[in-house]
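Here's the structure, in structure tokens; my notes come after.
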Amino acid sequence: QVQLVESGGGLVQPGGSLRLACDASGFTLKYRTIGWFRQAPGKEREGVSCISNSDGSTYYADSVKGRFTISRDVAKYTVYLHMNNLKPEDTGIYYCASRLGPAYGTTWNRPGLYTYWGQGTQVTVSS
């Protein structure tokens with residue numbers, strides 16, 4: 001049974017940092033692409049970052065480039081999202097999701113292409 005569990009969210013001041021973790025079970029991490037998405041109140045779910053199964057290529061939304069870093073520990077079945085210099089507009093529920101096959105630059109951020117989703121973890125950036 002495929003399961004994804006997010007952790008690491010919380011309340012942080014602008015400029016602060018958080019590290020989110022996505023713990024995967026029920027599949028071999030290196031065979032699945034893992035994406036991080038977020039959803040703010042009243043807004044659509046948007047892709048934040050992704051790490052491809054095939055070669056570990058990474059992708060980022062323009063709004064987080066240079067501030068967020070995605071990484072994975074295949075042995076621990078965990079994917080991390082390191083978030084630095086957080087801004088109020090980063091506030092939202094963060095979800096990790098998985099899909100078979102590699103990610104591509106034009107489609108990595110489409111939620112409909114991901115099969116399994118976690119329950120999400122809340123990130124609030126506020127002073």
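We label chains A, B, ... in the order they appear in the structure tokens, count residues from 1 in each chain, and number ligands from 1 in the order shown.
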Would you pick out the contacts of Lys43 (chain A) at 12 Å or less, using only C-alpha atoms, so that residues sharing its chain but fewer than 4 positions from it are not included, and give the list as an mmCIF file with all heavy atoms, in the first residue's frame?
data_model
loop_
_atom_site.group_PDB
_atom_site.id
_atom_site.type_symbol
_atom_site.label_atom_id
_atom_site.label_comp_id
_atom_site.auth_asym_id
_atom_site.auth_seq_id
_atom_site.Cartn_x
_atom_site.Cartn_y
_atom_site.Cartn_z
ATOM 1 N N ARG A 38 1.577 23.051 -3.067
ATOM 2 C CA ARG A 38 1.006 23.802 -1.952
ATOM 3 C C ARG A 38 -0.314 24.426 -2.388
ATOM 4 O O ARG A 38 -0.546 24.665 -3.574
ATOM 5 C CB ARG A 38 1.961 24.890 -1.466
ATOM 6 C CG ARG A 38 2.211 26.011 -2.457
ATOM 7 C CD ARG A 38 3.279 26.947 -1.915
ATOM 8 N NE ARG A 38 3.550 28.045 -2.853
ATOM 9 C CZ ARG A 38 4.567 28.879 -2.734
ATOM 10 N NH1 ARG A 38 5.426 28.743 -1.712
ATOM 11 N NH2 ARG A 38 4.754 29.842 -3.622
ATOM 12 N N GLN A 39 -1.132 24.676 -1.391
ATOM 13 C CA GLN A 39 -2.419 25.290 -1.664
ATOM 14 C C GLN A 39 -2.733 26.301 -0.573
ATOM 15 O O GLN A 39 -2.798 25.960 0.611
ATOM 16 C CB GLN A 39 -3.519 24.233 -1.730
ATOM 17 C CG GLN A 39 -4.850 24.761 -2.223
ATOM 18 C CD GLN A 39 -5.793 23.659 -2.636
ATOM 19 O OE1 GLN A 39 -5.635 22.494 -2.284
ATOM 20 N NE2 GLN A 39 -6.796 24.011 -3.435
ATOM 21 N N GLU A 89 3.765 34.923 1.431
ATOM 22 C CA GLU A 89 3.077 34.283 0.304
ATOM 23 C C GLU A 89 3.404 32.800 0.156
ATOM 24 O O GLU A 89 2.805 32.113 -0.677
ATOM 25 C CB GLU A 89 3.385 35.013 -1.005
ATOM 26 C CG GLU A 89 4.852 35.236 -1.278
ATOM 27 C CD GLU A 89 5.318 36.619 -0.849
ATOM 28 O OE1 GLU A 89 4.908 37.092 0.247
ATOM 29 O OE2 GLU A 89 6.110 37.233 -1.612
ATOM 30 N N THR A 91 2.791 30.827 2.562
ATOM 31 C CA THR A 91 1.832 30.197 3.468
ATOM 32 C C THR A 91 0.859 29.306 2.710
ATOM 33 O O THR A 91 0.373 29.664 1.635
ATOM 34 C CB THR A 91 1.036 31.280 4.228
ATOM 35 O OG1 THR A 91 1.939 31.985 5.086
ATOM 36 C CG2 THR A 91 -0.075 30.672 5.065
ATOM 37 N N GLY A 92 0.593 28.130 3.280
ATOM 38 C CA GLY A 92 -0.350 27.211 2.674
ATOM 39 C C GLY A 92 -0.175 25.815 3.217
ATOM 40 O O GLY A 92 0.686 25.572 4.071
ATOM 41 N N ILE A 93 -0.989 24.905 2.721
ATOM 42 C CA ILE A 93 -0.827 23.490 3.050
ATOM 43 C C ILE A 93 0.090 22.885 1.987
ATOM 44 O O ILE A 93 -0.160 23.041 0.794
ATOM 45 C CB ILE A 93 -2.171 22.765 3.080
ATOM 46 C CG1 ILE A 93 -3.087 23.390 4.122
ATOM 47 C CG2 ILE A 93 -1.957 21.284 3.389
ATOM 48 C CD1 ILE A 93 -4.481 22.808 4.128
#
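Proximity ranking of A:Thr78, A:Ser49, A:Ser127, A:Asn84 relative to Gly35 (chain A) places A:Ser49 first, based on only C-alpha atoms.
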Query raised in the report: Of the residues A:Gly8, A:Ser126, A:Gly101, A:Ser17, which is the one nearest to Thr69 (chain A), using only C-alpha atoms?
Result: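 Between A:Gly8, A:Ser126, A:Gly101, A:Ser17, the residue approaching Thr69 (chain A) most closely is A:Ser17.
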Exercise for the section: Write out as an MDAnalysis selection string each polymer residue whose atoms come within 8 Å of Ile34 (chain A), counting only C-alpha atoms; drop sequence neighbours fewer than 3 positions from it. Expected result: chainID A and resid 50:53 79 96:99
Those same residues - all heavy atoms - I'd like them written as a PDB file, in the first residue's frame.
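Everything below was put into out_11.pdb:
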ATOM      1  N   CYS A  50       9.963  19.422  -7.569  1.00  0.00           N
ATOM      2  CA  CYS A  50       9.829  18.025  -7.964  1.00  0.00           C
ATOM      3  C   CYS A  50      11.228  17.425  -8.120  1.00  0.00           C
ATOM      4  O   CYS A  50      12.158  18.129  -8.521  1.00  0.00           O
ATOM      5  CB  CYS A  50       9.053  17.960  -9.271  1.00  0.00           C
ATOM      6  SG  CYS A  50       9.121  16.394 -10.136  1.00  0.00           S
ATOM      7  N   ILE A  51      11.337  16.141  -7.792  1.00  0.00           N
ATOM      8  CA  ILE A  51      12.588  15.430  -8.046  1.00  0.00           C
ATOM      9  C   ILE A  51      12.246  14.177  -8.833  1.00  0.00           C
ATOM     10  O   ILE A  51      11.393  13.377  -8.428  1.00  0.00           O
ATOM     11  CB  ILE A  51      13.336  15.121  -6.737  1.00  0.00           C
ATOM     12  CG1 ILE A  51      14.698  14.495  -7.027  1.00  0.00           C
ATOM     13  CG2 ILE A  51      12.514  14.261  -5.780  1.00  0.00           C
ATOM     14  CD1 ILE A  51      15.656  14.548  -5.848  1.00  0.00           C
ATOM     15  N   SER A  52      12.888  14.042  -9.965  1.00  0.00           N
ATOM     16  CA  SER A  52      12.549  12.972 -10.893  1.00  0.00           C
ATOM     17  C   SER A  52      13.143  11.638 -10.471  1.00  0.00           C
ATOM     18  O   SER A  52      14.232  11.576  -9.904  1.00  0.00           O
ATOM     19  CB  SER A  52      13.063  13.327 -12.289  1.00  0.00           C
ATOM     20  OG  SER A  52      12.698  12.326 -13.226  1.00  0.00           O
ATOM     21  N   ASN A  53      12.421  10.571 -10.775  1.00  0.00           N
ATOM     22  CA  ASN A  53      12.874   9.252 -10.366  1.00  0.00           C
ATOM     23  C   ASN A  53      14.119   8.814 -11.111  1.00  0.00           C
ATOM     24  O   ASN A  53      14.988   8.155 -10.575  1.00  0.00           O
ATOM     25  CB  ASN A  53      11.769   8.214 -10.592  1.00  0.00           C
ATOM     26  CG  ASN A  53      11.525   7.948 -12.067  1.00  0.00           C
ATOM     27  OD1 ASN A  53      11.718   8.811 -12.919  1.00  0.00           O
ATOM     28  ND2 ASN A  53      11.106   6.739 -12.372  1.00  0.00           N
ATOM     29  N   VAL A  79      11.818  12.242   1.080  1.00  0.00           N
ATOM     30  CA  VAL A  79      12.132  13.396   0.242  1.00  0.00           C
ATOM     31  C   VAL A  79      11.959  14.639   1.099  1.00  0.00           C
ATOM     32  O   VAL A  79      10.972  14.758   1.832  1.00  0.00           O
ATOM     33  CB  VAL A  79      11.216  13.450  -0.994  1.00  0.00           C
ATOM     34  CG1 VAL A  79      11.435  14.748  -1.762  1.00  0.00           C
ATOM     35  CG2 VAL A  79      11.485  12.246  -1.899  1.00  0.00           C
ATOM     36  N   CYS A  96       2.984  16.381  -0.507  1.00  0.00           N
ATOM     37  CA  CYS A  96       3.873  15.658  -1.400  1.00  0.00           C
ATOM     38  C   CYS A  96       3.027  14.646  -2.163  1.00  0.00           C
ATOM     39  O   CYS A  96       1.977  14.181  -1.677  1.00  0.00           O
ATOM     40  CB  CYS A  96       5.040  15.001  -0.670  1.00  0.00           C
ATOM     41  SG  CYS A  96       4.618  13.671   0.464  1.00  0.00           S
ATOM     42  N   ALA A  97       3.480  14.337  -3.349  1.00  0.00           N
ATOM     43  CA  ALA A  97       2.737  13.438  -4.221  1.00  0.00           C
ATOM     44  C   ALA A  97       3.723  12.626  -5.040  1.00  0.00           C
ATOM     45  O   ALA A  97       4.867  13.044  -5.261  1.00  0.00           O
ATOM     46  CB  ALA A  97       1.812  14.231  -5.137  1.00  0.00           C
ATOM     47  N   SER A  98       3.281  11.470  -5.514  1.00  0.00           N
ATOM     48  CA  SER A  98       4.168  10.607  -6.282  1.00  0.00           C
ATOM     49  C   SER A  98       3.519  10.188  -7.591  1.00  0.00           C
ATOM     50  O   SER A  98       2.299  10.133  -7.711  1.00  0.00           O
ATOM     51  CB  SER A  98       4.556   9.371  -5.468  1.00  0.00           C
ATOM     52  OG  SER A  98       3.478   8.450  -5.406  1.00  0.00           O
ATOM     53  N   ARG A  99       4.360   9.883  -8.547  1.00  0.00           N
ATOM     54  CA  ARG A  99       3.914   9.392  -9.829  1.00  0.00           C
ATOM     55  C   ARG A  99       4.977   8.469 -10.384  1.00  0.00           C
ATOM     56  O   ARG A  99       6.163   8.592 -10.070  1.00  0.00           O
ATOM     57  CB  ARG A  99       3.676  10.532 -10.811  1.00  0.00           C
ATOM     58  CG  ARG A  99       4.852  11.470 -10.958  1.00  0.00           C
ATOM     59  CD  ARG A  99       4.678  12.463 -12.060  1.00  0.00           C
ATOM     60  NE  ARG A  99       4.841  11.843 -13.388  1.00  0.00           N
ATOM     61  CZ  ARG A  99       4.852  12.522 -14.519  1.00  0.00           C
ATOM     62  NH1 ARG A  99       4.688  13.825 -14.507  1.00  0.00           N
ATOM     63  NH2 ARG A  99       5.007  11.901 -15.662  1.00  0.00           N
TER      64      ARG A  99
END
Selection near Arg19 (chain A), 10 Å with only C-alpha atoms, sequence-local residues under 6 positions removed, as a ChimeraX atom specification = /A:7-10,68-70,80-84
Output N, CA and C atoms of each residue in that selection to a file, as a CSV table (one decimal), in the first residue's frame.
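Everything below was put into selection_3.csv:
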chain,number,residue,atom,x,y,z
A,7,SER,N,5.7,16.0,7.1
A,7,SER,CA,5.9,16.5,8.4
A,7,SER,C,6.8,17.7,8.3
A,8,GLY,N,6.9,18.5,9.4
A,8,GLY,CA,7.9,19.6,9.4
A,8,GLY,C,7.2,21.0,9.2
A,9,GLY,N,6.0,21.0,9.0
A,9,GLY,CA,5.3,22.3,8.9
A,9,GLY,C,5.3,23.0,10.2
A,10,GLY,N,4.8,24.3,10.2
A,10,GLY,CA,4.7,25.1,11.4
A,10,GLY,C,4.6,26.5,11.1
A,68,PHE,N,14.2,27.5,-2.1
A,68,PHE,CA,13.8,26.2,-1.8
A,68,PHE,C,14.8,25.2,-2.4
A,69,THR,N,15.0,24.1,-1.8
A,69,THR,CA,15.8,23.0,-2.3
A,69,THR,C,15.2,21.7,-2.0
A,70,ILE,N,15.0,20.8,-3.0
A,70,ILE,CA,14.4,19.5,-2.8
A,70,ILE,C,15.6,18.5,-2.9
A,80,TYR,N,12.9,15.6,1.0
A,80,TYR,CA,12.9,16.8,1.8
A,80,TYR,C,12.7,18.0,0.9
A,81,LEU,N,12.1,19.0,1.6
A,81,LEU,CA,12.0,20.3,0.9
A,81,LEU,C,12.5,21.3,1.9
A,82,HIS,N,13.7,21.8,1.6
A,82,HIS,CA,14.4,22.8,2.5
A,82,HIS,C,13.9,24.2,2.0
A,83,MET,N,13.3,24.9,2.9
A,83,MET,CA,12.7,26.2,2.6
A,83,MET,C,13.4,27.3,3.4
A,84,ASN,N,14.1,28.2,2.7
A,84,ASN,CA,14.8,29.3,3.3
A,84,ASN,C,14.2,30.6,2.9
